[in-house]
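These notes concern the structure reproduced below.
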Amino acid sequence: MLKGVAFALGSGGMLLLRGENGAGKSTLLRAIAGLTPLAAGALLWDNSPALADRAAHAARIAWLGHLDAVKPALTVAEHVPLAALKPVGLERFAALPARFLSAGQKRRLAIARVAASGRPLWLLDEPTTGLDAASVDRFAALCMAHRAAGGMIIASTHTPLDLPDMEVLAL
Amino acid sequence: MIALIARELKLSLRHGADTVAALLFFVIAGTLFAFAVGPSPTVLAGIAAGVVWVCALLAALLPLDRLFGADFEDGTLDLLLLSGLPAYEIALAKAAVHWLTSGLPLLLITAPLAVMLRLPEAKLALLLLSLAPGTMILSLLGTLSAAVSLGARRAAVLMPLITLPLVIPALIFGTAVVTSDHPAAPLYMLGAILLAALPLAPLGAGAALRAAAE
């Protein structure tokens, strides 16, 4: 599906995956997460094979797929710690069952979960889908805070996302 | 893993109707036999153990398609696989939740149904004794087939077709505990099946979950 893809990402770095529909952006993200096995090649973390210890690799990753993994029966606050709701502007809805959230609000809740995970590598598949302009700004601020703390981000996106010092990988 | 079980239990509690539906199905299906074969106490007593076992088996199948199905559809499965827990522990946790929300309630409601089917009182304890490991085996094998059929078209139809043949040995020994004059031997066999399923079913289910997430 994908061939000849090579990149390296340092602490605080951000890599943006670009490409048309079906170019393999999601597949590459799933492969980095260890969900889809690599047919060939290697995935390294600090110069050692990342997938040798699956549990340890999983513990490095905060995953935001194209689905939000929001449970309609749970309240907003049961998905993430309360403190994580403010940065995405959902603090007013803490006690609301998640089934009443709009698509964009569910996306923000999923982003809040990533931000609250405390894991060093964020893998984001079309993170800004359904977000309004203010929410995109809030998302960008979360990304910058994560990078400032030494975290890394690999994201696929179609919409323009303007963050400083971003590398772009075209697939 | 405990946290996962607690979260899944909370979710099941919010969807309490699923458990109630399985229990009602169990009682209604059992009652149908009483209507079908007539009220003769001797006939009913003869088939009571088998009827209860088969009805419990079918009722436990009902919640299986949502066991992983909901998580698969809303993206939670990816998060579970990236939670740092090994896939087999996720499967084991799901099997435990299935037993706590289906097997255990079925066990609790078995006595009235068995009495209604004229099972001799002396045999009631044996029936419950056989169903305790029996429902656990059901949960483990059901979890396995739920994971294997994940992502398949018409998974809800495929799942019983995979599960039911797998539980035939448990059904044979389970009913034998009640009907045989020597209940200890089939009970040991049931225990042996449980001990084999306890590590093997979650391992297989975990591998199937990984394959489904690819």
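Quick note on naming: the chains in the structure tokens go A, B, ... in the order shown, residues restart at 1 in each chain, and ligands are numbered from 1 in order of appearance.
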
**OP:** For chain B, report every residue with an atom at most 6 Å from chain A (counting only C-alpha atoms), formatted as a PyMOL selection string.
**Re:** chain B and resi 74-76+82+84+214

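Residues lying within 10 Å of Phe173 (chain B), counting only C-alpha atoms and ignoring same-chain neighbours fewer than 3 positions away, are B:Ser130, B:Gly134, B:Ile168, B:Pro169, B:Ala170, B:Ala176, B:Val177, B:Val178, B:Thr179, B:Ser180, B:Pro183, B:Ala185, B:Pro186, B:Leu187, B:Tyr188, B:Met189, B:Leu190, B:Gly191, B:Ile193.
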
So that I have them on file, write out the residues from the current selection with all heavy atoms, as a compact mmCIF listing (two decimals), in the first residue's frame.
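What ended up in again.txt:
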```txt
# COMPACT_ATOMS: atom_id res chain seq x y z
N SER B 130 -23.76 -27.12 38.06
CA SER B 130 -23.28 -27.34 36.69
C SER B 130 -23.35 -26.06 35.88
O SER B 130 -22.50 -25.81 35.02
CB SER B 130 -24.11 -28.43 36.00
OG SER B 130 -25.41 -27.96 35.70
N GLY B 134 -20.68 -23.73 33.75
CA GLY B 134 -21.24 -23.75 32.39
C GLY B 134 -21.38 -22.35 31.81
O GLY B 134 -21.00 -22.10 30.66
N ILE B 168 -21.07 -27.61 22.66
CA ILE B 168 -21.72 -28.93 22.77
C ILE B 168 -21.10 -29.79 23.88
O ILE B 168 -21.83 -30.37 24.70
CB ILE B 168 -21.70 -29.67 21.42
CG1 ILE B 168 -22.68 -28.98 20.45
CG2 ILE B 168 -22.09 -31.14 21.58
CD1 ILE B 168 -22.65 -29.52 19.05
N PRO B 169 -19.75 -29.88 23.98
CA PRO B 169 -19.19 -30.69 25.07
C PRO B 169 -19.65 -30.21 26.45
O PRO B 169 -20.02 -31.02 27.30
CB PRO B 169 -17.68 -30.51 24.90
CG PRO B 169 -17.49 -30.13 23.48
CD PRO B 169 -18.70 -29.36 23.08
N ALA B 170 -19.65 -28.90 26.65
CA ALA B 170 -20.09 -28.36 27.94
C ALA B 170 -21.55 -28.71 28.19
O ALA B 170 -21.94 -29.04 29.32
CB ALA B 170 -19.89 -26.84 27.98
N ALA B 176 -25.40 -33.84 32.11
CA ALA B 176 -25.11 -35.13 32.74
C ALA B 176 -24.92 -34.97 34.24
O ALA B 176 -25.22 -35.89 35.02
CB ALA B 176 -23.86 -35.75 32.10
N VAL B 177 -24.42 -33.81 34.67
CA VAL B 177 -24.26 -33.57 36.11
C VAL B 177 -25.60 -33.75 36.82
O VAL B 177 -25.69 -34.32 37.91
CB VAL B 177 -23.71 -32.15 36.37
CG1 VAL B 177 -23.78 -31.80 37.85
CG2 VAL B 177 -22.30 -32.02 35.85
N VAL B 178 -26.69 -33.29 36.16
CA VAL B 178 -28.00 -33.35 36.79
C VAL B 178 -28.65 -34.72 36.60
O VAL B 178 -29.27 -35.25 37.52
CB VAL B 178 -28.91 -32.24 36.21
CG1 VAL B 178 -30.23 -32.17 36.97
CG2 VAL B 178 -28.20 -30.90 36.24
N THR B 179 -28.51 -35.29 35.40
CA THR B 179 -29.27 -36.51 35.09
C THR B 179 -28.53 -37.78 35.49
O THR B 179 -29.17 -38.81 35.69
CB THR B 179 -29.58 -36.57 33.58
OG1 THR B 179 -28.36 -36.41 32.84
CG2 THR B 179 -30.55 -35.47 33.19
N SER B 180 -27.19 -37.73 35.58
CA SER B 180 -26.45 -38.96 35.85
C SER B 180 -26.53 -39.33 37.33
O SER B 180 -26.76 -38.49 38.20
CB SER B 180 -24.99 -38.77 35.43
OG SER B 180 -24.14 -39.49 36.28
N PRO B 183 -22.76 -37.67 39.60
CA PRO B 183 -22.57 -36.30 39.11
C PRO B 183 -21.13 -35.81 39.19
O PRO B 183 -20.78 -34.86 38.49
CB PRO B 183 -23.47 -35.47 40.04
CG PRO B 183 -23.70 -36.32 41.23
CD PRO B 183 -23.57 -37.74 40.82
N ALA B 185 -18.21 -37.08 38.15
CA ALA B 185 -17.37 -37.22 36.96
C ALA B 185 -17.66 -36.14 35.91
O ALA B 185 -16.73 -35.45 35.47
CB ALA B 185 -17.53 -38.62 36.38
N PRO B 186 -18.93 -35.95 35.49
CA PRO B 186 -19.18 -34.88 34.50
C PRO B 186 -18.86 -33.49 35.04
O PRO B 186 -18.45 -32.62 34.27
CB PRO B 186 -20.66 -35.01 34.17
CG PRO B 186 -21.25 -35.88 35.21
CD PRO B 186 -20.14 -36.73 35.75
N LEU B 187 -18.99 -33.31 36.37
CA LEU B 187 -18.65 -32.01 36.95
C LEU B 187 -17.16 -31.73 36.81
O LEU B 187 -16.75 -30.62 36.49
CB LEU B 187 -19.07 -31.97 38.42
CG LEU B 187 -19.22 -30.58 39.05
CD1 LEU B 187 -20.22 -29.73 38.28
CD2 LEU B 187 -19.64 -30.69 40.50
N TYR B 188 -16.35 -32.78 37.03
CA TYR B 188 -14.91 -32.61 36.84
C TYR B 188 -14.61 -32.29 35.38
O TYR B 188 -13.74 -31.46 35.06
CB TYR B 188 -14.16 -33.89 37.24
CG TYR B 188 -14.12 -34.12 38.74
CD1 TYR B 188 -14.11 -35.41 39.27
CD2 TYR B 188 -14.06 -33.05 39.63
CE1 TYR B 188 -14.08 -35.63 40.64
CE2 TYR B 188 -14.03 -33.26 41.00
CZ TYR B 188 -14.04 -34.55 41.51
OH TYR B 188 -14.00 -34.75 42.86
N MET B 189 -15.31 -32.97 34.45
CA MET B 189 -15.08 -32.71 33.03
C MET B 189 -15.41 -31.25 32.70
O MET B 189 -14.71 -30.59 31.94
CB MET B 189 -15.94 -33.64 32.16
CG MET B 189 -15.39 -35.05 32.02
SD MET B 189 -13.69 -35.09 31.42
CE MET B 189 -13.90 -34.43 29.77
N LEU B 190 -16.52 -30.78 33.29
CA LEU B 190 -16.93 -29.39 33.08
C LEU B 190 -15.84 -28.44 33.59
O LEU B 190 -15.48 -27.45 32.92
CB LEU B 190 -18.24 -29.14 33.84
CG LEU B 190 -19.27 -28.20 33.23
CD1 LEU B 190 -19.59 -28.56 31.80
CD2 LEU B 190 -20.54 -28.17 34.07
N GLY B 191 -15.30 -28.79 34.76
CA GLY B 191 -14.21 -27.98 35.31
C GLY B 191 -13.00 -28.01 34.40
O GLY B 191 -12.33 -26.99 34.20
N ILE B 193 -13.01 -28.43 31.13
CA ILE B 193 -13.29 -27.59 29.96
C ILE B 193 -13.09 -26.12 30.31
O ILE B 193 -12.50 -25.36 29.56
CB ILE B 193 -14.73 -27.83 29.45
CG1 ILE B 193 -14.88 -29.27 28.95
CG2 ILE B 193 -15.09 -26.85 28.35
CD1 ILE B 193 -16.30 -29.64 28.58
```

**OP:** Using only C-alpha atoms, determine which residues lie at most 6 Å from region 153-167 of chain A, disregarding the query and same-chain residues fewer than 4 positions distant; provide the list as a ChimeraX atom specification.
**Re:** /A:14-17,121-126

Subject >> Long-range neighbours of Leu64 (chain B) as a PyMOL selection string, 8 Å cut-off, only C-alpha atoms, 4 positions minimum in chain >> reply: chain B and resi 60+68+98+142-143+146

Dump as a PDB file, in the first residue's frame, selection limited to all heavy atoms:
```pdb
ATOM      1  N   ALA B  60     -27.625 -16.440  26.665  1.00  0.00           N
ATOM      2  CA  ALA B  60     -26.305 -15.827  26.815  1.00  0.00           C
ATOM      3  C   ALA B  60     -25.763 -15.342  25.475  1.00  0.00           C
ATOM      4  O   ALA B  60     -24.865 -14.501  25.426  1.00  0.00           O
ATOM      5  CB  ALA B  60     -25.338 -16.827  27.444  1.00  0.00           C
ATOM      6  N   PHE B  68     -18.194  -6.724  21.426  1.00  0.00           N
ATOM      7  CA  PHE B  68     -17.144  -5.958  20.758  1.00  0.00           C
ATOM      8  C   PHE B  68     -17.723  -5.089  19.649  1.00  0.00           C
ATOM      9  O   PHE B  68     -17.070  -4.174  19.176  1.00  0.00           O
ATOM     10  CB  PHE B  68     -16.102  -6.902  20.152  1.00  0.00           C
ATOM     11  CG  PHE B  68     -15.319  -7.678  21.154  1.00  0.00           C
ATOM     12  CD1 PHE B  68     -15.443  -9.051  21.230  1.00  0.00           C
ATOM     13  CD2 PHE B  68     -14.458  -7.043  22.019  1.00  0.00           C
ATOM     14  CE1 PHE B  68     -14.719  -9.780  22.156  1.00  0.00           C
ATOM     15  CE2 PHE B  68     -13.734  -7.760  22.951  1.00  0.00           C
ATOM     16  CZ  PHE B  68     -13.865  -9.134  23.022  1.00  0.00           C
ATOM     17  N   HIS B  98     -19.166 -10.055  30.458  1.00  0.00           N
ATOM     18  CA  HIS B  98     -20.301 -10.794  29.893  1.00  0.00           C
ATOM     19  C   HIS B  98     -20.870 -11.754  30.926  1.00  0.00           C
ATOM     20  O   HIS B  98     -22.074 -11.884  31.082  1.00  0.00           O
ATOM     21  CB  HIS B  98     -19.882 -11.558  28.638  1.00  0.00           C
ATOM     22  CG  HIS B  98     -20.986 -12.384  28.044  1.00  0.00           C
ATOM     23  ND1 HIS B  98     -21.139 -13.726  28.312  1.00  0.00           N
ATOM     24  CD2 HIS B  98     -22.009 -12.045  27.226  1.00  0.00           C
ATOM     25  CE1 HIS B  98     -22.210 -14.175  27.672  1.00  0.00           C
ATOM     26  NE2 HIS B  98     -22.749 -13.187  27.000  1.00  0.00           N
ATOM     27  N   GLY B 142     -18.119 -17.588  23.932  1.00  0.00           N
ATOM     28  CA  GLY B 142     -18.887 -16.542  23.255  1.00  0.00           C
ATOM     29  C   GLY B 142     -18.014 -15.342  22.932  1.00  0.00           C
ATOM     30  O   GLY B 142     -18.119 -14.757  21.851  1.00  0.00           O
ATOM     31  N   THR B 143     -17.132 -14.980  23.871  1.00  0.00           N
ATOM     32  CA  THR B 143     -16.203 -13.879  23.621  1.00  0.00           C
ATOM     33  C   THR B 143     -15.307 -14.206  22.435  1.00  0.00           C
ATOM     34  O   THR B 143     -15.052 -13.358  21.576  1.00  0.00           O
ATOM     35  CB  THR B 143     -15.338 -13.626  24.870  1.00  0.00           C
ATOM     36  OG1 THR B 143     -16.200 -13.329  25.961  1.00  0.00           O
ATOM     37  CG2 THR B 143     -14.399 -12.467  24.655  1.00  0.00           C
ATOM     38  N   ALA B 146     -17.370 -13.905  19.309  1.00  0.00           N
ATOM     39  CA  ALA B 146     -17.694 -12.497  19.061  1.00  0.00           C
ATOM     40  C   ALA B 146     -16.499 -11.789  18.436  1.00  0.00           C
ATOM     41  O   ALA B 146     -16.657 -10.975  17.520  1.00  0.00           O
ATOM     42  CB  ALA B 146     -18.098 -11.813  20.357  1.00  0.00           C
TER      43      ALA B 146
END
```

May I have the residues within 12 Å of Ala134 (chain A) as an mmCIF file with all heavy atoms, in the first residue's frame, using only C-alpha atoms and disregarding those fewer than 3 positions away in the same chain?
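The resulting around.cif:
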```cif
data_model
loop_
_atom_site.group_PDB
_atom_site.id
_atom_site.type_symbol
_atom_site.label_atom_id
_atom_site.label_comp_id
_atom_site.auth_asym_id
_atom_site.auth_seq_id
_atom_site.Cartn_x
_atom_site.Cartn_y
_atom_site.Cartn_z
ATOM 1 N N PRO A 87 -9.807 23.183 28.212
ATOM 2 C CA PRO A 87 -9.062 23.569 27.005
ATOM 3 C C PRO A 87 -9.844 23.356 25.696
ATOM 4 O O PRO A 87 -9.499 23.959 24.690
ATOM 5 C CB PRO A 87 -7.820 22.666 27.047
ATOM 6 C CG PRO A 87 -7.676 22.266 28.457
ATOM 7 C CD PRO A 87 -9.056 22.214 29.028
ATOM 8 N N VAL A 88 -10.865 22.490 25.698
ATOM 9 C CA VAL A 88 -11.638 22.303 24.470
ATOM 10 C C VAL A 88 -13.014 22.959 24.585
ATOM 11 O O VAL A 88 -13.853 22.800 23.700
ATOM 12 C CB VAL A 88 -11.804 20.805 24.126
ATOM 13 C CG1 VAL A 88 -10.469 20.193 23.760
ATOM 14 C CG2 VAL A 88 -12.457 20.052 25.254
ATOM 15 N N GLY A 89 -13.230 23.700 25.675
ATOM 16 C CA GLY A 89 -14.466 24.459 25.805
ATOM 17 C C GLY A 89 -15.700 23.613 26.061
ATOM 18 O O GLY A 89 -16.799 23.971 25.674
ATOM 19 N N GLY A 104 -19.182 17.951 16.143
ATOM 20 C CA GLY A 104 -17.998 18.742 16.460
ATOM 21 C C GLY A 104 -17.619 18.653 17.930
ATOM 22 O O GLY A 104 -16.450 18.576 18.288
ATOM 23 N N ARG A 108 -14.254 17.334 19.793
ATOM 24 C CA ARG A 108 -13.517 18.075 20.819
ATOM 25 C C ARG A 108 -13.297 17.204 22.048
ATOM 26 O O ARG A 108 -12.227 17.259 22.682
ATOM 27 C CB ARG A 108 -14.280 19.353 21.190
ATOM 28 C CG ARG A 108 -14.046 20.471 20.195
ATOM 29 C CD ARG A 108 -15.232 21.392 20.060
ATOM 30 N NE ARG A 108 -15.514 22.157 21.269
ATOM 31 C CZ ARG A 108 -16.589 22.944 21.387
ATOM 32 N NH1 ARG A 108 -17.460 23.045 20.388
ATOM 33 N NH2 ARG A 108 -16.809 23.601 22.508
ATOM 34 N N THR A 128 -9.207 17.828 12.794
ATOM 35 C CA THR A 128 -10.058 19.031 12.798
ATOM 36 C C THR A 128 -11.385 18.815 12.081
ATOM 37 O O THR A 128 -12.136 19.767 11.899
ATOM 38 C CB THR A 128 -9.305 20.207 12.134
ATOM 39 O OG1 THR A 128 -8.839 19.773 10.852
ATOM 40 C CG2 THR A 128 -8.144 20.647 12.972
ATOM 41 N N GLY A 130 -15.004 18.610 11.359
ATOM 42 C CA GLY A 130 -16.205 19.028 12.068
ATOM 43 C C GLY A 130 -16.001 20.129 13.076
ATOM 44 O O GLY A 130 -16.947 20.522 13.760
ATOM 45 N N LEU A 131 -14.766 20.622 13.218
ATOM 46 C CA LEU A 131 -14.511 21.669 14.213
ATOM 47 C C LEU A 131 -14.780 23.054 13.628
ATOM 48 O O LEU A 131 -14.471 23.307 12.467
ATOM 49 C CB LEU A 131 -13.053 21.605 14.688
ATOM 50 C CG LEU A 131 -12.607 20.367 15.464
ATOM 51 C CD1 LEU A 131 -11.219 20.585 16.031
ATOM 52 C CD2 LEU A 131 -13.589 20.051 16.578
ATOM 53 N N ASP A 137 -8.624 26.766 16.624
ATOM 54 C CA ASP A 137 -7.618 27.569 17.334
ATOM 55 C C ASP A 137 -7.263 26.930 18.673
ATOM 56 O O ASP A 137 -6.099 26.866 19.060
ATOM 57 C CB ASP A 137 -8.143 28.994 17.560
ATOM 58 C CG ASP A 137 -8.218 29.770 16.244
ATOM 59 O OD1 ASP A 137 -7.591 29.310 15.269
ATOM 60 O OD2 ASP A 137 -8.912 30.799 16.198
ATOM 61 N N ARG A 138 -8.306 26.473 19.383
ATOM 62 C CA ARG A 138 -8.053 25.828 20.679
ATOM 63 C C ARG A 138 -7.220 24.563 20.490
ATOM 64 O O ARG A 138 -6.328 24.267 21.270
ATOM 65 C CB ARG A 138 -9.376 25.484 21.364
ATOM 66 C CG ARG A 138 -9.960 26.648 22.161
ATOM 67 C CD ARG A 138 -11.079 26.170 23.048
ATOM 68 N NE ARG A 138 -12.247 25.854 22.252
ATOM 69 C CZ ARG A 138 -13.420 26.502 22.358
ATOM 70 N NH1 ARG A 138 -13.554 27.467 23.224
ATOM 71 N NH2 ARG A 138 -14.426 26.158 21.605
ATOM 72 N N PHE A 139 -7.533 23.803 19.416
ATOM 73 C CA PHE A 139 -6.788 22.580 19.109
ATOM 74 C C PHE A 139 -5.332 22.925 18.826
ATOM 75 O O PHE A 139 -4.409 22.246 19.316
ATOM 76 C CB PHE A 139 -7.437 21.882 17.914
ATOM 77 C CG PHE A 139 -6.589 20.811 17.302
ATOM 78 C CD1 PHE A 139 -6.337 19.633 17.977
ATOM 79 C CD2 PHE A 139 -6.027 20.995 16.047
ATOM 80 C CE1 PHE A 139 -5.542 18.648 17.415
ATOM 81 C CE2 PHE A 139 -5.232 20.016 15.480
ATOM 82 C CZ PHE A 139 -4.985 18.846 16.169
ATOM 83 N N ALA A 140 -5.109 23.998 18.039
ATOM 84 C CA ALA A 140 -3.742 24.407 17.716
ATOM 85 C C ALA A 140 -2.979 24.771 18.985
ATOM 86 O O ALA A 140 -1.803 24.421 19.137
ATOM 87 C CB ALA A 140 -3.773 25.588 16.747
ATOM 88 N N ALA A 141 -3.674 25.434 19.922
ATOM 89 C CA ALA A 141 -3.019 25.810 21.177
ATOM 90 C C ALA A 141 -2.619 24.573 21.967
ATOM 91 O O ALA A 141 -1.523 24.516 22.547
ATOM 92 C CB ALA A 141 -3.962 26.689 22.001
#
```

**OP:** Identify, on the basis of only C-alpha atoms, every residue whose closest approach to Ala197 (chain B) does not exceed 8 Å; exclude the query and any residue fewer than 4 positions from it along the same chain; express the result as a list in words.
**Re:**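 Returned residues: Ile137, Leu140, Leu141, Ile193, Ala201 and Pro202 of chain B.
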
**OP:** Can you list, as a count of residues only, all residues belonging to region 23-123 of chain A that DSSP tags as helix (DSSP H, G or I)?
**Re:** 46

Original post:
Near Leu142 (chain A), counting only C-alpha atoms, which residues have an atom at most 10 Å away, once you skip same-chain residues fewer than 6 positions from it, shown as a VMD selection string?
Top reply: chain A and resid 87 to 88 111 to 112 114 to 115 136 148

Could you save the residues just selected, with C-alpha atoms, as an mmCIF file, in the first residue's frame?
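Final file, selection.cif:
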```
data_model
loop_
_atom_site.group_PDB
_atom_site.id
_atom_site.type_symbol
_atom_site.label_atom_id
_atom_site.label_comp_id
_atom_site.auth_asym_id
_atom_site.auth_seq_id
_atom_site.Cartn_x
_atom_site.Cartn_y
_atom_site.Cartn_z
ATOM 1 C CA PRO A 87 -9.062 23.569 27.005
ATOM 2 C CA VAL A 88 -11.638 22.303 24.470
ATOM 3 C CA ILE A 111 -9.219 15.704 21.370
ATOM 4 C CA ALA A 112 -9.518 16.387 25.108
ATOM 5 C CA VAL A 114 -5.686 12.833 23.672
ATOM 6 C CA ALA A 115 -4.530 16.007 25.419
ATOM 7 C CA VAL A 136 -9.450 24.727 15.561
ATOM 8 C CA ALA A 148 6.526 22.863 24.014
#
```
